[in-house]
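Listing of my_file_23.pdb; format and content: PDB, C-alpha atoms and all ligand atoms.
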```pdb
ATOM      1  CA  MET A  25     102.410  85.537 105.303  1.00  0.00           C
ATOM      2  CA  ALA A  26     104.300  84.419 108.405  1.00  0.00           C
ATOM      3  CA  MET A  27     103.572  87.448 110.594  1.00  0.00           C
ATOM      4  CA  THR A  28     100.575  89.550 109.677  1.00  0.00           C
ATOM      5  CA  GLY A  29     101.702  92.953 108.550  1.00  0.00           C
ATOM      6  CA  THR A  30      99.421  95.175 110.607  1.00  0.00           C
ATOM      7  CA  ASP A  31     100.479  93.468 113.865  1.00  0.00           C
ATOM      8  CA  ALA A  32     104.147  93.878 112.969  1.00  0.00           C
ATOM      9  CA  TYR A  33     103.871  97.646 113.671  1.00  0.00           C
ATOM     10  CA  ARG A  34     103.108  97.159 117.397  1.00  0.00           C
ATOM     11  CA  ALA A  35     106.711  97.538 118.503  1.00  0.00           C
ATOM     12  CA  VAL A  36     107.868  99.927 115.766  1.00  0.00           C
ATOM     13  CA  GLY A  37     108.381 103.620 116.478  1.00  0.00           C
ATOM     14  CA  GLY A  38     109.444 106.576 114.375  1.00  0.00           C
ATOM     15  CA  LEU A  39     107.003 105.891 111.535  1.00  0.00           C
ATOM     16  CA  PRO A  40     106.167 108.574 108.981  1.00  0.00           C
ATOM     17  CA  ASP A  41     102.884 110.230 110.073  1.00  0.00           C
ATOM     18  CA  GLY A  42     100.901 108.903 107.113  1.00  0.00           C
ATOM     19  CA  VAL A  43     102.062 105.354 107.804  1.00  0.00           C
ATOM     20  CA  ALA A  44     101.061 105.624 111.455  1.00  0.00           C
ATOM     21  CA  ARG A  45      97.591 106.875 110.435  1.00  0.00           C
ATOM     22  CA  ALA A  46      97.133 104.063 107.895  1.00  0.00           C
ATOM     23  CA  VAL A  47      98.220 101.436 110.438  1.00  0.00           C
ATOM     24  CA  THR A  48      95.649 102.825 112.899  1.00  0.00           C
ATOM     25  CA  ALA A  49      92.929 102.643 110.215  1.00  0.00           C
ATOM     26  CA  ALA A  50      93.880  99.047 109.343  1.00  0.00           C
ATOM     27  CA  ARG A  51      93.905  98.064 113.009  1.00  0.00           C
ATOM     28  CA  ARG A  52      90.498  99.667 113.663  1.00  0.00           C
ATOM     29  CA  ALA A  53      89.038  97.835 110.665  1.00  0.00           C
ATOM     30  CA  GLY A  54      90.533  94.522 111.815  1.00  0.00           C
ATOM     31  CA  PHE A  55      92.553  94.293 108.570  1.00  0.00           C
ATOM     32  CA  PRO A  56      95.689  92.196 109.223  1.00  0.00           C
ATOM     33  CA  TYR A  57      97.315  92.188 105.773  1.00  0.00           C
ATOM     34  CA  SER A  58      99.132  95.535 105.618  1.00  0.00           C
ATOM     35  CA  CYS A  59     102.679  95.397 104.310  1.00  0.00           C
ATOM     36  CA  ARG A  60     105.293  94.846 106.995  1.00  0.00           C
ATOM     37  CA  PRO A  61     107.649  97.637 108.097  1.00  0.00           C
ATOM     38  CA  GLU A  62     110.611  96.003 106.323  1.00  0.00           C
ATOM     39  CA  GLN A  63     108.674  96.047 103.065  1.00  0.00           C
ATOM     40  CA  GLY A  64     107.447  99.566 103.729  1.00  0.00           C
ATOM     41  CA  ARG A  65     110.980 100.875 104.143  1.00  0.00           C
ATOM     42  CA  LEU A  66     111.940  99.268 100.829  1.00  0.00           C
ATOM     43  CA  LEU A  67     108.962 100.981  99.166  1.00  0.00           C
ATOM     44  CA  GLN A  68     109.879 104.332 100.678  1.00  0.00           C
ATOM     45  CA  VAL A  69     113.430 104.072  99.339  1.00  0.00           C
ATOM     46  CA  LEU A  70     112.374 102.950  95.858  1.00  0.00           C
ATOM     47  CA  ALA A  71     109.693 105.644  95.646  1.00  0.00           C
ATOM     48  CA  GLY A  72     112.455 108.236  95.915  1.00  0.00           C
ATOM     49  CA  GLY A  73     113.726 107.138  92.488  1.00  0.00           C
ATOM     50  CA  ALA A  74     110.396 107.600  90.664  1.00  0.00           C
ATOM     51  CA  ARG A  75     110.274 110.555  88.283  1.00  0.00           C
ATOM     52  CA  LEU A  76     106.618 110.770  87.235  1.00  0.00           C
ATOM     53  CA  ARG A  77     104.298 108.037  88.451  1.00  0.00           C
ATOM     54  CA  ILE A  78     103.971 105.174  90.939  1.00  0.00           C
ATOM     55  CA  GLY A  79     101.303 102.454  90.742  1.00  0.00           C
ATOM     56  CA  GLU A  80     100.098  99.952  93.314  1.00  0.00           C
ATOM     57  CA  SER A  81      97.631  97.073  93.138  1.00  0.00           C
ATOM     58  CA  GLY A  82      95.824  96.255  96.403  1.00  0.00           C
ATOM     59  CA  THR A  83      95.652  99.407  98.532  1.00  0.00           C
ATOM     60  CA  GLY A  84      94.212  97.704 101.605  1.00  0.00           C
ATOM     61  CA  TYR A  85      94.011 100.483 104.211  1.00  0.00           C
ATOM     62  CA  GLY A  86      96.872 102.374 102.613  1.00  0.00           C
ATOM     63  CA  VAL A  87      99.916 101.347 104.668  1.00  0.00           C
ATOM     64  CA  GLY A  88     102.159 100.552 101.694  1.00  0.00           C
ATOM     65  CA  LEU A  89     100.782 103.577  99.859  1.00  0.00           C
ATOM     66  CA  ALA A  90     101.703 105.776 102.823  1.00  0.00           C
ATOM     67  CA  TRP A  91     105.288 104.471 102.728  1.00  0.00           C
ATOM     68  CA  LEU A  92     105.367 105.210  98.990  1.00  0.00           C
ATOM     69  CA  ALA A  93     103.965 108.703  99.515  1.00  0.00           C
ATOM     70  CA  ALA A  94     106.536 109.327 102.261  1.00  0.00           C
ATOM     71  CA  GLY A  95     109.351 108.542  99.827  1.00  0.00           C
ATOM     72  CA  ALA A  96     108.031 110.096  96.619  1.00  0.00           C
ATOM     73  CA  ALA A  97     109.102 113.528  95.404  1.00  0.00           C
ATOM     74  CA  PRO A  98     106.561 116.409  95.400  1.00  0.00           C
ATOM     75  CA  GLY A  99     105.618 116.170  91.702  1.00  0.00           C
ATOM     76  CA  VAL A 100     105.216 112.384  91.510  1.00  0.00           C
ATOM     77  CA  GLU A 101     101.701 110.928  91.047  1.00  0.00           C
ATOM     78  CA  LEU A 102     100.652 107.852  93.009  1.00  0.00           C
ATOM     79  CA  VAL A 103      97.792 105.663  91.708  1.00  0.00           C
ATOM     80  CA  SER A 104      96.575 102.772  93.844  1.00  0.00           C
ATOM     81  CA  VAL A 105      93.681 100.417  93.052  1.00  0.00           C
ATOM     82  CA  GLU A 106      91.656  98.403  95.526  1.00  0.00           C
ATOM     83  CA  ARG A 107      88.689  96.208  94.586  1.00  0.00           C
ATOM     84  CA  ASP A 108      87.038  96.371  98.017  1.00  0.00           C
ATOM     85  CA  PRO A 109      85.043  99.639  97.979  1.00  0.00           C
ATOM     86  CA  ALA A 110      85.065 100.141 101.768  1.00  0.00           C
ATOM     87  CA  ARG A 111      88.854  99.764 101.917  1.00  0.00           C
ATOM     88  CA  ALA A 112      89.312 102.031  98.924  1.00  0.00           C
ATOM     89  CA  ALA A 113      87.111 104.723 100.508  1.00  0.00           C
ATOM     90  CA  ALA A 114      88.929 104.512 103.845  1.00  0.00           C
ATOM     91  CA  ALA A 115      92.331 104.763 102.158  1.00  0.00           C
ATOM     92  CA  ALA A 116      91.196 107.623  99.899  1.00  0.00           C
ATOM     93  CA  ALA A 117      90.080 109.556 102.991  1.00  0.00           C
ATOM     94  CA  LEU A 118      93.533 109.155 104.542  1.00  0.00           C
ATOM     95  CA  PHE A 119      95.169 110.775 101.509  1.00  0.00           C
ATOM     96  CA  ALA A 120      92.544 113.470 100.926  1.00  0.00           C
ATOM     97  CA  ASP A 121      95.100 116.194 101.700  1.00  0.00           C
ATOM     98  CA  ASP A 122      97.788 114.820  99.388  1.00  0.00           C
ATOM     99  CA  PRO A 123      97.083 115.922  95.788  1.00  0.00           C
ATOM    100  CA  ARG A 124      99.657 113.445  94.441  1.00  0.00           C
ATOM    101  CA  VAL A 125      97.621 110.401  95.547  1.00  0.00           C
ATOM    102  CA  ARG A 126      94.611 108.776  93.867  1.00  0.00           C
ATOM    103  CA  VAL A 127      92.937 105.667  95.276  1.00  0.00           C
ATOM    104  CA  LEU A 128      90.591 103.978  92.804  1.00  0.00           C
ATOM    105  CA  ALA A 129      87.947 101.411  93.745  1.00  0.00           C
ATOM    106  CA  ALA A 130      88.603  98.978  90.912  1.00  0.00           C
ATOM    107  CA  ASP A 131      90.203  95.730  89.830  1.00  0.00           C
ATOM    108  CA  TRP A 132      93.990  95.923  89.499  1.00  0.00           C
ATOM    109  CA  THR A 133      93.691  95.920  85.698  1.00  0.00           C
ATOM    110  CA  GLU A 134      92.527  99.560  85.972  1.00  0.00           C
ATOM    111  CA  LEU A 135      96.221 100.362  86.412  1.00  0.00           C
ATOM    112  CA  HIS A 136      96.602  99.973  82.637  1.00  0.00           C
ATOM    113  CA  ALA A 137      94.614 103.162  82.090  1.00  0.00           C
ATOM    114  CA  HIS A 138      96.976 105.321  84.174  1.00  0.00           C
ATOM    115  CA  GLY A 139     100.528 104.112  83.416  1.00  0.00           C
ATOM    116  CA  PRO A 140     103.292 103.701  82.531  1.00  0.00           C
ATOM    117  CA  TYR A 141     104.877 103.621  85.974  1.00  0.00           C
ATOM    118  CA  ASP A 142     108.401 104.298  87.146  1.00  0.00           C
ATOM    119  CA  LEU A 143     107.624 102.087  90.136  1.00  0.00           C
ATOM    120  CA  LEU A 144     104.887  99.448  90.220  1.00  0.00           C
ATOM    121  CA  VAL A 145     104.022  97.573  93.415  1.00  0.00           C
ATOM    122  CA  LEU A 146     101.878  94.473  93.007  1.00  0.00           C
ATOM    123  CA  ASP A 147     100.222  93.606  96.311  1.00  0.00           C
ATOM    124  CA  GLY A 148      96.656  92.761  95.270  1.00  0.00           C
ATOM    125  CA  GLY A 149      96.259  91.426  91.750  1.00  0.00           C
ATOM    126  CA  GLY A 150      98.777  90.997  88.955  1.00  0.00           C
ATOM    127  CA  GLN A 151     101.368  89.114  91.045  1.00  0.00           C
ATOM    128  CA  GLY A 152     100.877  85.845  89.189  1.00  0.00           C
ATOM    129  CA  LYS A 153     100.116  84.030  92.463  1.00  0.00           C
ATOM    130  CA  GLY A 154      97.192  81.937  91.329  1.00  0.00           C
ATOM    131  CA  GLY A 155      95.938  84.670  88.966  1.00  0.00           C
ATOM    132  CA  GLY A 156      97.080  86.671  85.973  1.00  0.00           C
ATOM    133  CA  ALA A 157     100.492  88.291  86.037  1.00  0.00           C
ATOM    134  CA  ALA A 158     100.919  91.931  85.068  1.00  0.00           C
ATOM    135  CA  ASP A 159     102.813  92.624  81.839  1.00  0.00           C
ATOM    136  CA  PRO A 160     105.813  94.819  82.733  1.00  0.00           C
ATOM    137  CA  GLU A 161     106.241  95.898  79.111  1.00  0.00           C
ATOM    138  CA  ARG A 162     102.760  97.455  79.187  1.00  0.00           C
ATOM    139  CA  LEU A 163     102.903  98.874  82.671  1.00  0.00           C
ATOM    140  CA  LEU A 164     106.500  99.931  83.354  1.00  0.00           C
ATOM    141  CA  ALA A 165     108.444 102.761  81.781  1.00  0.00           C
ATOM    142  CA  PRO A 166     111.845 101.595  80.464  1.00  0.00           C
ATOM    143  CA  GLY A 167     114.117 101.364  83.503  1.00  0.00           C
ATOM    144  CA  GLY A 168     111.017 101.197  85.714  1.00  0.00           C
ATOM    145  CA  VAL A 169     111.029  99.112  88.866  1.00  0.00           C
ATOM    146  CA  LEU A 170     108.597  96.335  89.816  1.00  0.00           C
ATOM    147  CA  VAL A 171     108.060  95.059  93.366  1.00  0.00           C
ATOM    148  CA  VAL A 172     106.112  91.937  94.284  1.00  0.00           C
ATOM    149  CA  ASP A 173     105.815  91.436  98.024  1.00  0.00           C
ATOM    150  CA  ASP A 174     105.344  88.588 100.402  1.00  0.00           C
ATOM    151  CA  PHE A 175     107.533  85.634  99.523  1.00  0.00           C
ATOM    152  CA  THR A 176     109.580  83.464 101.881  1.00  0.00           C
ATOM    153  CA  PRO A 177     113.374  83.604 101.459  1.00  0.00           C
ATOM    154  CA  ALA A 178     114.518  80.657  99.345  1.00  0.00           C
ATOM    155  CA  ASP A 179     117.529  78.558 100.353  1.00  0.00           C
ATOM    156  CA  GLY A 180     117.870  76.578  97.144  1.00  0.00           C
ATOM    157  CA  TRP A 181     117.039  76.478  93.457  1.00  0.00           C
ATOM    158  CA  PRO A 182     114.359  76.393  92.273  1.00  0.00           C
ATOM    159  CA  PRO A 183     112.563  78.330  95.019  1.00  0.00           C
ATOM    160  CA  LEU A 184     109.800  76.158  96.489  1.00  0.00           C
ATOM    161  CA  PHE A 185     106.269  76.871  97.659  1.00  0.00           C
ATOM    162  CA  ASP A 186     104.501  74.053  99.521  1.00  0.00           C
ATOM    163  CA  GLY A 187     107.285  71.711  98.365  1.00  0.00           C
ATOM    164  CA  GLN A 188     106.774  72.508  94.655  1.00  0.00           C
ATOM    165  CA  PRO A 189     108.645  74.951  92.380  1.00  0.00           C
ATOM    166  CA  ASP A 190     107.271  78.406  93.143  1.00  0.00           C
ATOM    167  CA  GLU A 191     105.894  79.261  89.707  1.00  0.00           C
ATOM    168  CA  ALA A 192     104.884  82.814  90.623  1.00  0.00           C
ATOM    169  CA  ARG A 193     108.392  83.674  91.780  1.00  0.00           C
ATOM    170  CA  LEU A 194     109.985  81.860  88.839  1.00  0.00           C
ATOM    171  CA  HIS A 195     107.779  83.839  86.449  1.00  0.00           C
ATOM    172  CA  TRP A 196     109.394  87.081  87.641  1.00  0.00           C
ATOM    173  CA  LEU A 197     112.912  85.695  88.035  1.00  0.00           C
ATOM    174  CA  ARG A 198     112.921  84.379  84.452  1.00  0.00           C
ATOM    175  CA  HIS A 199     110.978  87.209  82.791  1.00  0.00           C
ATOM    176  CA  PRO A 200     112.866  88.214  79.621  1.00  0.00           C
ATOM    177  CA  ALA A 201     111.926  91.894  79.901  1.00  0.00           C
ATOM    178  CA  LEU A 202     113.216  92.198  83.475  1.00  0.00           C
ATOM    179  CA  ARG A 203     116.388  91.994  85.507  1.00  0.00           C
ATOM    180  CA  THR A 204     115.163  90.517  88.781  1.00  0.00           C
ATOM    181  CA  VAL A 205     116.382  89.772  92.313  1.00  0.00           C
ATOM    182  CA  ASP A 206     114.647  87.937  95.131  1.00  0.00           C
ATOM    183  CA  LEU A 207     115.549  90.239  98.005  1.00  0.00           C
ATOM    184  CA  PRO A 208     115.426  88.895 101.585  1.00  0.00           C
ATOM    185  CA  LEU A 209     113.998  91.540 103.938  1.00  0.00           C
ATOM    186  CA  ALA A 210     113.678  89.433 107.093  1.00  0.00           C
ATOM    187  CA  ALA A 211     114.219  85.797 108.087  1.00  0.00           C
ATOM    188  CA  ASP A 212     110.680  84.993 106.931  1.00  0.00           C
ATOM    189  CA  LEU A 213     110.091  87.601 104.207  1.00  0.00           C
ATOM    190  CA  SER A 214     111.452  88.389 100.776  1.00  0.00           C
ATOM    191  CA  SER A 215     110.356  90.584  97.893  1.00  0.00           C
ATOM    192  CA  ILE A 216     110.852  90.327  94.185  1.00  0.00           C
ATOM    193  CA  VAL A 217     112.475  93.519  92.899  1.00  0.00           C
ATOM    194  CA  ALA A 218     112.936  93.871  89.145  1.00  0.00           C
ATOM    195  CA  VAL A 219     113.975  96.532  86.669  1.00  0.00           C
ATOM    196  CA  ARG A 220     112.567  96.681  83.152  1.00  0.00           C
ATOM    197  CA  ARG A 221     115.462  96.273  80.754  1.00  0.00           C
ATOM    198  CA  HIS A 222     116.104  99.166  78.383  1.00  0.00           C
ATOM    199  CA  GLY A 223     115.008  98.097  74.928  1.00  0.00           C
ATOM    200  CA  GLY A 224     113.081  95.201  76.528  1.00  0.00           C
TER     201      GLY A 224
HETATM  202  C1  LIG B 301      97.929  92.273 101.027  1.00  0.00           C
HETATM  203  S1  LIG B 301      96.558  93.351 100.977  1.00  0.00           S
HETATM  204  C2  LIG B 301      97.270  94.889 100.508  1.00  0.00           C
HETATM  205  C3  LIG B 301      98.019  95.577 101.568  1.00  0.00           C
HETATM  206  C4  LIG B 301      98.455  96.979 101.223  1.00  0.00           C
HETATM  207  N1  LIG B 301      99.152  97.060  99.955  1.00  0.00           N
HETATM  208  C5  LIG B 301      99.353  97.509 102.312  1.00  0.00           C
HETATM  209  O1  LIG B 301     100.547  97.637 102.097  1.00  0.00           O
HETATM  210  O2  LIG B 301      98.848  97.788 103.395  1.00  0.00           O
HETATM  211  C6  LIG B 301      95.797  92.933  99.439  1.00  0.00           C
HETATM  212  C7  LIG B 301      94.650  93.833  99.024  1.00  0.00           C
HETATM  213  O3  LIG B 301      94.456  93.619  97.630  1.00  0.00           O
HETATM  214  C8  LIG B 301      93.087  93.666  97.352  1.00  0.00           C
HETATM  215  N2  LIG B 301      92.889  92.932  96.093  1.00  0.00           N
HETATM  216  C9  LIG B 301      92.931  91.578  95.916  1.00  0.00           C
HETATM  217  N3  LIG B 301      92.735  91.265  94.629  1.00  0.00           N
HETATM  218  C10 LIG B 301      92.579  92.440  93.969  1.00  0.00           C
HETATM  219  C11 LIG B 301      92.337  92.767  92.602  1.00  0.00           C
HETATM  220  N4  LIG B 301      92.196  91.814  91.664  1.00  0.00           N
HETATM  221  N5  LIG B 301      92.235  94.070  92.265  1.00  0.00           N
HETATM  222  C12 LIG B 301      92.346  95.061  93.217  1.00  0.00           C
HETATM  223  N6  LIG B 301      92.561  94.787  94.538  1.00  0.00           N
HETATM  224  C13 LIG B 301      92.675  93.501  94.896  1.00  0.00           C
HETATM  225  C14 LIG B 301      92.431  93.041  98.571  1.00  0.00           C
HETATM  226  O4  LIG B 301      91.082  93.465  98.686  1.00  0.00           O
HETATM  227  C15 LIG B 301      93.328  93.534  99.701  1.00  0.00           C
HETATM  228  O5  LIG B 301      92.801  94.707 100.273  1.00  0.00           O
END
```
Show me the file's structure as structure tokens.
Amino acid sequence: MAMTGTDAYRAVGGLPDGVARAVTAARRAGFPYSCRPEQGRLLQVLAGGARLRIGESGTGYGVGLAWLAAGAAPGVELVSVERDPARAAAAAALFADDPRVRVLAADWTELHAHGPYDLLVLDGGGQGKGGGAADPERLLAPGGVLVVDDFTPADGWPPLFDGQPDEARLHWLRHPALRTVDLPLAADLSSIVAVRRHGG
């Protein structure tokens, strides 16, 4: 990550209240890895298209989850899993007044028990970056959207990571069940955004 996400909020105003509270909690805990505002705005927009359920791996202190909650309609459930119990408890406390949101202290694979999702955000487990990749056919509803954060914009093909083909990104770009774009969000940040193909 080129700029740590929590620090990126220093000069940003006009945040949804829940996002501002989550950023404060992350800052107090010394947690630098919150999603950046550019990514958060993307999540807020995409959350508005979810009909029933949104999932997230890697809650952290709940910044991305707060963007999702700010964009999601009143009846939409949000399930986020975080393997660090202290982070999960802190994030759960932030959303105690929002009946749509559940934060579970668990490995990301716990998401399988609560899907399928109209929108799935992989930010802590399941991204295929040096670990297992989530199976979109198990986790996404048909037409559901997948987001994998925190890549660097590529200026050639194949995309490179440390001078080698970026296998995690290629996994998503070539996935037969998905239609995928690598979406630049800032000069130093891009996200994978994919839609599960109907019938796929
Ligand atoms: C980049 S941070 C998440 C930031 C958060 N989504 C946000 O927007 O503020 C990654 C988080 O994923 C958690 N994590 C890493 N591996 C995990 C796993 N296998 N299952 C659940 N959580 C995991 C880490 O403890 C860390 O809190």
Surrounding residues of range 63-75 of chain A excluding itself and chain neighbours under 2 positions, 10 Å, all atoms listed in the file, as a CSV table (one decimal) with C-alpha atoms, in the coordinates of the input:
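Writing the result to result-v2.csv gives the following:
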```
chain,number,residue,atom,x,y,z
A,29,GLY,CA,101.7,93.0,108.6
A,39,LEU,CA,107.0,105.9,111.5
A,43,VAL,CA,102.1,105.4,107.8
A,58,SER,CA,99.1,95.5,105.6
A,59,CYS,CA,102.7,95.4,104.3
A,60,ARG,CA,105.3,94.8,107.0
A,61,PRO,CA,107.6,97.6,108.1
A,77,ARG,CA,104.3,108.0,88.5
A,78,ILE,CA,104.0,105.2,90.9
A,87,VAL,CA,99.9,101.3,104.7
A,88,GLY,CA,102.2,100.6,101.7
A,89,LEU,CA,100.8,103.6,99.9
A,90,ALA,CA,101.7,105.8,102.8
A,91,TRP,CA,105.3,104.5,102.7
A,92,LEU,CA,105.4,105.2,99.0
A,93,ALA,CA,104.0,108.7,99.5
A,94,ALA,CA,106.5,109.3,102.3
A,95,GLY,CA,109.4,108.5,99.8
A,96,ALA,CA,108.0,110.1,96.6
A,97,ALA,CA,109.1,113.5,95.4
A,98,PRO,CA,106.6,116.4,95.4
A,99,GLY,CA,105.6,116.2,91.7
A,100,VAL,CA,105.2,112.4,91.5
A,101,GLU,CA,101.7,110.9,91.0
A,102,LEU,CA,100.7,107.9,93.0
A,141,TYR,CA,104.9,103.6,86.0
A,142,ASP,CA,108.4,104.3,87.1
A,143,LEU,CA,107.6,102.1,90.1
A,144,LEU,CA,104.9,99.4,90.2
A,145,VAL,CA,104.0,97.6,93.4
A,168,GLY,CA,111.0,101.2,85.7
A,169,VAL,CA,111.0,99.1,88.9
A,170,LEU,CA,108.6,96.3,89.8
A,171,VAL,CA,108.1,95.1,93.4
A,173,ASP,CA,105.8,91.4,98.0
A,174,ASP,CA,105.3,88.6,100.4
A,208,PRO,CA,115.4,88.9,101.6
A,209,LEU,CA,114.0,91.5,103.9
A,210,ALA,CA,113.7,89.4,107.1
A,213,LEU,CA,110.1,87.6,104.2
A,214,SER,CA,111.5,88.4,100.8
A,215,SER,CA,110.4,90.6,97.9
A,217,VAL,CA,112.5,93.5,92.9
```
Could you list the protein, DNA and RNA residues that have any atom within 8 Å of ligand LIG 301 (chain B), counting only C-alpha atoms and all ligand atoms, and write them as a ChimeraX atom specification? /A:29-30,46-47,50,57-60,64,80-89,105-108,111,129-133,146-150
In Å and to one decimal, CA of Arg193 in chain A is distant from CA of Val172 in chain A by 8.9 Å
Matched chain/residue IDs from the PyMOL selection byres (((chain A and resi 162) around 10) and not hetatm), as an NGL selection string: :A and (136 or 139-141 or 158-161 or 163-165)
A:Ala211, A:Ala49, A:Pro56, A:Ala192: which is nearest Asp31 in chain A, counting all atoms listed in the file?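 Going through A:Ala211, A:Ala49, A:Pro56, A:Ala192 one by one, the smallest distance to Asp31 in chain A is for A:Pro56.
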For His199 in chain A, which residue among A:Arg221, A:Ala137, A:Asp179, A:Asp186 is the nearest when counting only C-alpha atoms?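 Selected residue with least distance to His199 in chain A: A:Arg221.
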How would range 168-187 of chain A read, as a compact mmCIF listing (two decimals), keeping the file's coordinate frame, once N, CA and C atoms are built in?
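Dumped to part.txt:
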```
# COMPACT_ATOMS: atom_id res chain seq x y z
N GLY A 168 111.94 101.19 84.57
CA GLY A 168 111.02 101.20 85.71
C GLY A 168 111.22 99.98 86.61
N VAL A 169 110.79 100.13 87.84
CA VAL A 169 111.03 99.11 88.87
C VAL A 169 109.71 98.46 89.26
N LEU A 170 109.76 97.12 89.40
CA LEU A 170 108.60 96.34 89.82
C LEU A 170 108.90 95.71 91.17
N VAL A 171 107.91 95.72 92.06
CA VAL A 171 108.06 95.06 93.37
C VAL A 171 106.87 94.13 93.57
N VAL A 172 107.16 92.89 93.92
CA VAL A 172 106.11 91.94 94.28
C VAL A 172 106.46 91.41 95.67
N ASP A 173 105.56 91.66 96.61
CA ASP A 173 105.82 91.44 98.02
C ASP A 173 105.44 90.02 98.44
N ASP A 174 105.92 89.68 99.62
CA ASP A 174 105.34 88.59 100.40
C ASP A 174 105.71 87.19 99.93
N PHE A 175 107.01 86.98 99.74
CA PHE A 175 107.53 85.63 99.52
C PHE A 175 108.32 85.23 100.77
N THR A 176 108.73 83.97 100.80
CA THR A 176 109.58 83.46 101.88
C THR A 176 110.98 83.31 101.31
N PRO A 177 112.03 83.74 102.02
CA PRO A 177 113.37 83.60 101.46
C PRO A 177 113.66 82.16 101.04
N ALA A 178 114.24 82.00 99.87
CA ALA A 178 114.52 80.66 99.34
C ALA A 178 115.95 80.27 99.71
N ASP A 179 116.16 78.98 100.05
CA ASP A 179 117.53 78.56 100.35
C ASP A 179 118.04 77.56 99.32
N GLY A 180 117.40 77.48 98.18
CA GLY A 180 117.87 76.58 97.14
C GLY A 180 117.26 76.98 95.81
N TRP A 181 117.59 76.21 94.80
CA TRP A 181 117.04 76.48 93.46
C TRP A 181 116.42 75.20 92.90
N PRO A 182 115.23 75.22 92.37
CA PRO A 182 114.36 76.39 92.27
C PRO A 182 113.73 76.73 93.63
N PRO A 183 113.29 78.00 93.80
CA PRO A 183 112.56 78.33 95.02
C PRO A 183 111.30 77.48 95.11
N LEU A 184 110.95 77.05 96.32
CA LEU A 184 109.80 76.16 96.49
C LEU A 184 108.67 76.88 97.21
N PHE A 185 107.45 76.43 96.91
CA PHE A 185 106.27 76.87 97.66
C PHE A 185 105.45 75.62 97.90
N ASP A 186 105.20 75.30 99.17
CA ASP A 186 104.50 74.05 99.52
C ASP A 186 105.20 72.84 98.90
N GLY A 187 106.52 72.86 98.85
CA GLY A 187 107.28 71.71 98.36
C GLY A 187 107.39 71.61 96.85
```
